[in-house]
file model.txt (compact mmCIF, C-alpha atoms and all ligand atoms)
# COMPACT_ATOMS: atom_id res chain seq x y z
CA MET A 1 194.36 57.56 70.83
CA MET A 2 197.87 56.25 71.36
CA THR A 3 199.99 55.61 68.31
CA ASN A 4 200.54 51.87 67.90
CA PRO A 5 201.04 50.77 71.48
CA GLU A 6 201.94 47.14 71.91
CA VAL A 7 199.13 45.29 73.68
CA ARG A 8 199.44 41.83 75.23
CA VAL A 9 196.33 40.16 76.62
CA PHE A 10 196.49 37.40 79.26
CA LYS A 11 193.84 35.13 80.73
CA ASP A 12 193.91 36.65 84.19
CA LEU A 13 195.98 38.69 86.63
CA ASN A 14 198.15 35.73 87.55
CA GLU A 15 199.11 35.00 83.92
CA LEU A 16 199.73 38.70 83.30
CA SER A 17 201.93 38.91 86.39
CA ARG A 18 203.92 35.81 85.41
CA ALA A 19 204.64 37.25 81.97
CA ALA A 20 205.72 40.54 83.56
CA ALA A 21 207.99 38.70 86.03
CA GLU A 22 209.55 36.69 83.20
CA GLU A 23 210.27 39.86 81.26
CA PHE A 24 211.70 41.62 84.34
CA THR A 25 214.01 38.65 84.90
CA SER A 26 215.39 38.75 81.38
CA LEU A 27 215.79 42.54 81.41
CA ALA A 28 217.64 42.40 84.74
CA GLN A 29 219.90 39.62 83.51
CA ALA A 30 221.31 41.88 80.80
CA PRO A 31 221.88 45.03 82.81
CA PRO A 32 223.71 48.06 81.56
CA SER A 33 227.09 48.65 83.19
CA LYS A 34 226.11 50.86 86.13
CA ALA A 35 222.85 49.43 87.38
CA PHE A 36 219.53 48.02 86.32
CA ALA A 37 217.00 50.63 87.36
CA ALA A 38 213.28 49.91 87.51
CA ALA A 39 210.42 51.94 88.96
CA LEU A 40 207.32 50.28 90.34
CA SER A 41 203.82 51.67 90.82
CA GLY A 42 201.68 50.94 93.82
CA GLY A 43 198.01 50.10 94.09
CA SER A 44 196.70 46.57 93.97
CA THR A 45 197.53 45.35 90.45
CA PRO A 46 201.36 44.97 90.82
CA LYS A 47 201.11 42.98 94.07
CA ARG A 48 201.11 39.57 92.39
CA PHE A 49 203.97 40.63 90.10
CA CYS A 50 205.99 41.70 93.19
CA GLU A 51 205.22 38.42 94.97
CA LEU A 52 206.39 36.43 91.97
CA LEU A 53 209.67 38.35 91.73
CA ALA A 54 210.43 37.27 95.31
CA MET A 55 209.75 33.59 94.61
CA PRO A 56 212.79 31.35 93.95
CA GLU A 57 211.56 30.57 90.43
CA PHE A 58 212.30 34.18 89.45
CA SER A 59 214.32 35.56 92.34
CA ALA A 60 217.16 33.06 91.99
CA LYS A 61 217.76 34.20 88.40
CA ILE A 62 217.77 37.94 89.09
CA PRO A 63 221.14 39.62 89.87
CA TRP A 64 219.62 41.56 92.80
CA PRO A 65 222.76 43.43 93.93
CA ARG A 66 222.80 45.21 90.56
CA VAL A 67 219.07 46.00 90.68
CA HIS A 68 217.84 49.38 91.91
CA LEU A 69 214.11 49.62 92.52
CA PHE A 70 212.48 53.04 92.66
CA GLN A 71 208.93 54.06 93.40
CA VAL A 72 206.81 55.60 90.65
CA ASP A 73 204.69 57.29 93.28
CA GLU A 74 203.75 57.16 96.91
CA ARG A 75 200.86 58.18 99.10
CA CYS A 76 201.84 60.65 101.85
CA VAL A 77 201.13 58.29 104.74
CA PRO A 78 203.52 56.64 107.20
CA PRO A 79 205.44 53.68 105.73
CA ASP A 80 203.48 51.18 107.83
CA ASP A 81 200.07 52.57 106.83
CA PRO A 82 197.95 50.03 104.89
CA ARG A 83 197.68 52.60 102.06
CA SER A 84 201.47 52.88 101.71
CA ASN A 85 202.81 51.56 98.40
CA TYR A 86 206.11 50.88 100.13
CA ARG A 87 204.34 48.68 102.66
CA MET A 88 202.71 46.67 99.86
CA MET A 89 206.11 46.15 98.20
CA ARG A 90 207.83 45.32 101.49
CA GLU A 91 205.25 42.69 102.36
CA ALA A 92 204.99 41.30 98.83
CA MET A 93 208.70 41.06 98.08
CA LEU A 94 211.27 43.28 99.76
CA ALA A 95 211.39 41.31 103.00
CA ALA A 96 212.42 38.26 100.99
CA ILE A 97 215.11 40.02 98.90
CA PRO A 98 217.66 41.60 101.25
CA ALA A 99 220.19 42.18 98.44
CA VAL A 100 218.06 44.58 96.42
CA HIS A 101 218.62 48.34 96.53
CA PHE A 102 215.20 49.77 97.25
CA HIS A 103 214.78 53.56 97.09
CA ARG A 104 211.82 54.62 99.20
CA MET A 105 210.08 57.96 98.79
CA ALA A 106 210.32 59.76 102.15
CA THR A 107 206.68 60.56 102.66
CA GLU A 108 207.19 61.27 106.36
CA GLU A 109 209.28 64.35 105.40
CA PRO A 110 206.96 67.36 106.00
CA ASP A 111 208.60 69.42 103.24
CA ARG A 112 207.31 67.49 100.24
CA SER A 113 209.19 69.56 97.68
CA ALA A 114 212.44 68.83 99.50
CA ALA A 115 211.61 65.12 99.68
CA SER A 116 210.85 65.16 95.94
CA ALA A 117 214.11 66.93 95.09
CA GLN A 118 216.05 64.48 97.24
CA TYR A 119 214.41 61.55 95.48
CA ALA A 120 215.17 63.02 92.05
CA ALA A 121 218.80 63.45 93.12
CA GLU A 122 218.90 59.82 94.24
CA ILE A 123 217.65 58.67 90.84
CA ARG A 124 220.17 60.84 88.99
CA GLU A 125 223.06 59.67 91.13
CA THR A 126 222.17 56.00 90.77
CA LEU A 127 221.84 56.28 87.00
CA GLY A 128 224.79 58.64 86.57
CA THR A 129 222.55 61.12 84.74
CA ALA A 130 224.40 64.10 83.26
CA SER A 131 223.16 67.53 84.28
CA GLY A 132 220.68 68.93 81.81
CA GLU A 133 219.41 65.46 80.93
CA TRP A 134 216.40 63.53 82.21
CA PRO A 135 217.17 60.32 84.08
CA ARG A 136 216.54 57.34 81.83
CA LEU A 137 215.20 54.38 83.80
CA ASP A 138 215.55 50.95 82.22
CA VAL A 139 211.91 50.13 82.85
CA ILE A 140 208.94 51.83 84.51
CA TYR A 141 205.89 49.81 85.55
CA LEU A 142 202.69 51.85 85.53
CA GLY A 143 199.09 51.17 86.39
CA MET A 144 195.98 53.01 85.28
CA GLY A 145 192.97 54.16 87.27
CA ASP A 146 189.41 54.05 85.98
CA ASP A 147 189.65 57.85 85.58
CA GLY A 148 192.69 57.48 83.30
CA HIS A 149 195.29 58.50 85.89
CA THR A 150 198.69 56.92 85.93
CA ALA A 151 201.45 57.21 88.55
CA SER A 152 199.96 59.93 90.81
CA LEU A 153 199.19 62.08 87.80
CA PHE A 154 195.45 62.52 88.16
CA PRO A 155 193.28 64.42 85.65
CA GLY A 156 193.22 68.14 86.37
CA THR A 157 196.01 68.10 88.98
CA THR A 158 199.03 70.39 88.97
CA ALA A 159 201.70 67.66 88.68
CA LEU A 160 200.37 66.78 85.24
CA ALA A 161 201.76 70.04 83.87
CA GLU A 162 205.18 69.71 85.58
CA ARG A 163 207.97 69.82 83.01
CA ARG A 164 210.94 71.11 85.07
CA VAL A 165 211.54 68.52 87.78
CA ALA A 166 211.67 64.73 87.81
CA VAL A 167 209.70 64.19 91.02
CA CYS A 168 207.07 66.43 92.59
CA PRO A 169 204.34 66.53 95.21
CA ASN A 170 200.74 66.38 94.04
CA TYR A 171 197.57 67.06 95.98
CA VAL A 172 194.70 64.91 94.76
CA ALA A 173 191.48 66.66 95.77
CA LYS A 174 189.14 63.79 94.98
CA LEU A 175 191.06 61.59 97.42
CA ASP A 176 191.96 64.48 99.72
CA MET A 177 195.47 63.08 99.75
CA ASN A 178 198.99 64.27 99.04
CA ARG A 179 201.21 62.12 96.88
CA LEU A 180 204.77 62.20 95.56
CA THR A 181 205.12 61.19 91.94
CA LEU A 182 207.51 60.84 89.04
CA THR A 183 206.61 63.45 86.42
CA LEU A 184 205.80 63.04 82.73
CA PRO A 185 209.28 64.02 81.47
CA VAL A 186 210.81 61.12 83.45
CA LEU A 187 208.14 58.66 82.39
CA ASN A 188 208.74 59.70 78.80
CA ALA A 189 212.52 59.42 79.09
CA ALA A 190 212.33 55.74 80.07
CA LYS A 191 213.79 53.04 77.86
CA ARG A 192 210.69 50.96 78.39
CA VAL A 193 207.27 51.52 79.96
CA ILE A 194 205.04 48.62 80.90
CA PHE A 195 201.44 49.20 81.97
CA LEU A 196 199.90 46.46 84.11
CA VAL A 197 196.11 46.76 84.00
CA ALA A 198 193.55 44.18 85.11
CA GLY A 199 189.86 43.90 85.88
CA ALA A 200 186.55 44.74 84.23
CA GLY A 201 186.45 48.10 85.99
CA LYS A 202 189.25 49.34 83.73
CA ALA A 203 187.73 48.16 80.42
CA GLU A 204 185.89 51.32 79.40
CA MET A 205 188.76 53.66 80.28
CA LEU A 206 191.19 51.42 78.41
CA ARG A 207 189.02 51.73 75.31
CA GLN A 208 189.07 55.52 75.73
CA VAL A 209 192.82 55.67 76.30
CA LEU A 210 193.89 53.22 73.61
CA ARG A 211 191.21 53.56 70.95
CA ALA A 212 189.27 56.82 71.29
CA PRO A 213 190.37 59.97 69.44
CA ALA A 214 192.87 62.17 71.28
CA SER A 215 191.24 63.84 74.24
CA ALA A 216 192.02 67.12 75.94
CA PRO A 217 195.56 66.62 77.31
CA ALA A 218 194.55 66.83 80.94
CA GLU A 219 191.69 64.39 80.57
CA TYR A 220 193.48 61.05 80.37
CA PRO A 221 196.99 61.23 81.82
CA ALA A 222 197.82 57.66 80.73
CA GLN A 223 197.63 58.84 77.10
CA LEU A 224 200.45 61.28 77.73
CA VAL A 225 202.94 58.51 78.42
CA GLN A 226 204.68 58.26 75.07
CA PRO A 227 208.44 57.81 75.54
CA GLU A 228 210.49 59.68 72.99
CA SER A 229 212.89 56.82 72.33
CA GLY A 230 211.44 54.00 74.37
CA SER A 231 208.69 51.41 74.03
CA VAL A 232 205.29 51.18 75.69
CA THR A 233 203.66 47.80 76.25
CA TRP A 234 200.26 47.26 77.82
CA TYR A 235 199.87 43.99 79.76
CA LEU A 236 196.12 43.42 80.14
CA ASP A 237 193.93 40.65 81.45
CA GLN A 238 190.95 39.55 79.37
CA ALA A 239 188.48 41.43 81.58
CA ALA A 240 190.30 44.74 81.11
CA ALA A 241 190.73 44.14 77.38
CA ALA A 242 187.06 43.25 76.83
CA ARG A 243 186.15 46.51 75.06
CA LEU A 244 189.17 46.94 72.81
C1 LIG B 301 198.96 54.43 93.26
C2 LIG B 301 199.43 54.24 91.85
C3 LIG B 301 198.40 54.38 90.79
C4 LIG B 301 197.90 52.99 90.42
C5 LIG B 301 196.52 53.07 89.80
C6 LIG B 301 195.93 51.70 89.57
O1 LIG B 301 199.77 54.60 94.14
O2 LIG B 301 197.75 54.40 93.47
O3 LIG B 301 200.69 54.05 91.56
O4 LIG B 301 198.79 55.07 89.64
O5 LIG B 301 198.79 52.37 89.55
O6 LIG B 301 195.68 53.78 90.66
O7 LIG B 301 195.76 51.11 90.82
P1 LIG B 301 195.20 49.65 91.01
O8 LIG B 301 196.24 48.74 90.52
O9 LIG B 301 195.00 49.53 92.50
O10 LIG B 301 193.93 49.58 90.24

call {"tool": "encode", "arguments": {"input": "model.txt", "output": "structure tokens", "more": "lines below"}}
Ligand code: 6PG
result
Amino acid sequence: MMTNPEVRVFKDLNELSRAAAEEFTSLAQAPPSKAFAAALSGGSTPKRFCELLAMPEFSAKIPWPRVHLFQVDERCVPPDDPRSNYRMMREAMLAAIPAVHFHRMATEEPDRSAASAQYAAEIRETLGTASGEWPRLDVIYLGMGDDGHTASLFPGTTALAERRVAVCPNYVAKLDMNRLTLTLPVLNAAKRVIFLVAGAGKAEMLRQVLRAPASAPAEYPAQLVQPESGSVTWYLDQAAAARL
């Protein structure tokens, strides 16, 4: 069980996405001095949120040149592959926001550890992170799978235990796919974590993650996201929240 997470329930995915876009806009409007750094997950749930950010209603109010967008995780496929998270973000919003700094995970790089290290260095440099400290992103948007995974931290995979580096490769046997992912120490160093979860297919796992007694640590990775000095908010639609 997670200790007192904030939960907000919306009618449907569109309402949830609008609330998330409104919050992003106000967070980005009060950026810290260096940059406003946000990390976005892939998959299908954040698509509407991304589309809304690119619409004039929100986009015109966001100081894009000060915004740095990072990826939470990426599938190791070419950037134009339909499974690419980058492709989803490009089509949903990036093409319409030329001023934003978007940091893409280089999944075409055959040495995945090198690509991960390079990405971690990019995050540190952008945030001005001191050596020996974990980069502290302003906000990280996560999703959750019906197996309790979050980012590309799947139950039973090696990346779940990674505590030394900020970004690492992860092979996901059940999908037979390689991924690059932010690791738990970076997720837990964030100032703010926002889970976006929608659909009836997530209802039972949400009950397990938010309400059931603590499970074996590797069982439900989403439960392990508990920032040390940051907040966690769950944005749910009614279908996903049905069993809470
Ligand atoms: C990915 C993710 C992943 C995602 C969940 C939920 O690249 O797949 O970042 O962690 O957030 O799998 O995905 P859906 O939103 O598609 O249900």

call {"tool": "atom_distance", "arguments": {"input": "model.txt", "atom1": "atom CA of A:Asp237", "atom2": "atom CA of A:Lys202"}}
result
10.1 Å

call {"tool": "atom_distance", "arguments": {"input": "model.txt", "atom1": "atom CA of A:Ala92", "atom2": "atom CA of A:Val232"}}
result
25.2 Å

call {"tool": "residues_around", "arguments": {"input": "model.txt", "residues": "A:Ala190", "least_positions_apart": "2", "cutoff": "9 Å", "atoms": "all atoms listed in the file", "output": "ChimeraX atom specification"}}
result
/A:135-140,185-188,192-193,227-231

call {"tool": "residues_near_ligand", "arguments": {"input": "model.txt", "ligand": "ligand LIG 301 (chain B)", "cutoff": "6 Å", "atoms": "only C-alpha atoms and all ligand atoms", "output": "VMD selection string"}}
result
chain A and resid 41 to 45 73 to 74 142 to 145 150 to 152

call {"tool": "atom_distance", "arguments": {"input": "model.txt", "atom1": "atom CA of A:Gly132", "atom2": "atom CA of A:Val165"}}
result
10.9 Å

call {"tool": "residues_around", "arguments": {"input": "model.txt", "residues": "A:Cys50", "least_positions_apart": "6", "cutoff": "10 Å", "atoms": "all atoms listed in the file", "output": "number ranges by chain"}}
result
A: 17-18, 20-21, 40, 88-94

call {"tool": "residues_around", "arguments": {"input": "model.txt", "residues": "A:Leu69", "least_positions_apart": "6", "cutoff": "8 Å", "atoms": "all atoms listed in the file", "output": "list in words"}}
result
Ala37, Ala38, Ala39, Leu40, Val100, His101, Phe102 and His103 of chain A

call {"tool": "closest_residue", "arguments": {"input": "model.txt", "among": "A:Tyr86, A:Phe24, A:Phe70, A:Phe10", "to": "A:Ala54", "atoms": "all atoms listed in the file"}}
result
A:Phe24

call {"tool": "residues_around", "arguments": {"input": "model.txt", "residues": "A:Thr107", "least_positions_apart": "3", "cutoff": "10 Å", "atoms": "all atoms listed in the file", "output": "ChimeraX atom specification"}}
result
/A:74-79,84,104,110-112,115-116,169,178-180

call {"tool": "closest_residue", "arguments": {"input": "model.txt", "among": "A:Leu244, A:Ala198, A:Met105, A:Ile62", "to": "A:Ala212", "atoms": "all atoms listed in the file"}}
result
A:Leu244

call {"tool": "closest_residue", "arguments": {"input": "model.txt", "among": "A:Glu162, A:Pro63, A:Asp147, A:Asn170", "to": "A:Ala28", "atoms": "all atoms listed in the file"}}
result
A:Pro63

call {"tool": "residues_around", "arguments": {"input": "model.txt", "residues": "A:Glu204", "least_positions_apart": "5", "cutoff": "9 Å", "atoms": "only C-alpha atoms", "output": "PDB file with C-alpha atoms, keeping the file's coordinate frame"}}
result
ATOM      1  CA  ASP A 146     189.410  54.050  85.980  1.00  0.00           C
ATOM      2  CA  VAL A 209     192.820  55.670  76.300  1.00  0.00           C
ATOM      3  CA  ALA A 240     190.300  44.740  81.110  1.00  0.00           C
ATOM      4  CA  ALA A 241     190.730  44.140  77.380  1.00  0.00           C
ATOM      5  CA  ALA A 242     187.060  43.250  76.830  1.00  0.00           C
ATOM      6  CA  ARG A 243     186.150  46.510  75.060  1.00  0.00           C
ATOM      7  CA  LEU A 244     189.170  46.940  72.810  1.00  0.00           C
TER       8      LEU A 244
END

call {"tool": "closest_residue", "arguments": {"input": "model.txt", "among": "A:Ala159, A:Leu13, A:Val197, A:Ala120", "to": "A:Tyr141", "atoms": "all atoms listed in the file"}}
result
A:Val197

call {"tool": "closest_residue", "arguments": {"input": "model.txt", "among": "A:Tyr119, A:Phe195, A:Trp234, A:Phe49", "to": "A:Asn14", "atoms": "all atoms listed in the file"}}
result
A:Phe49
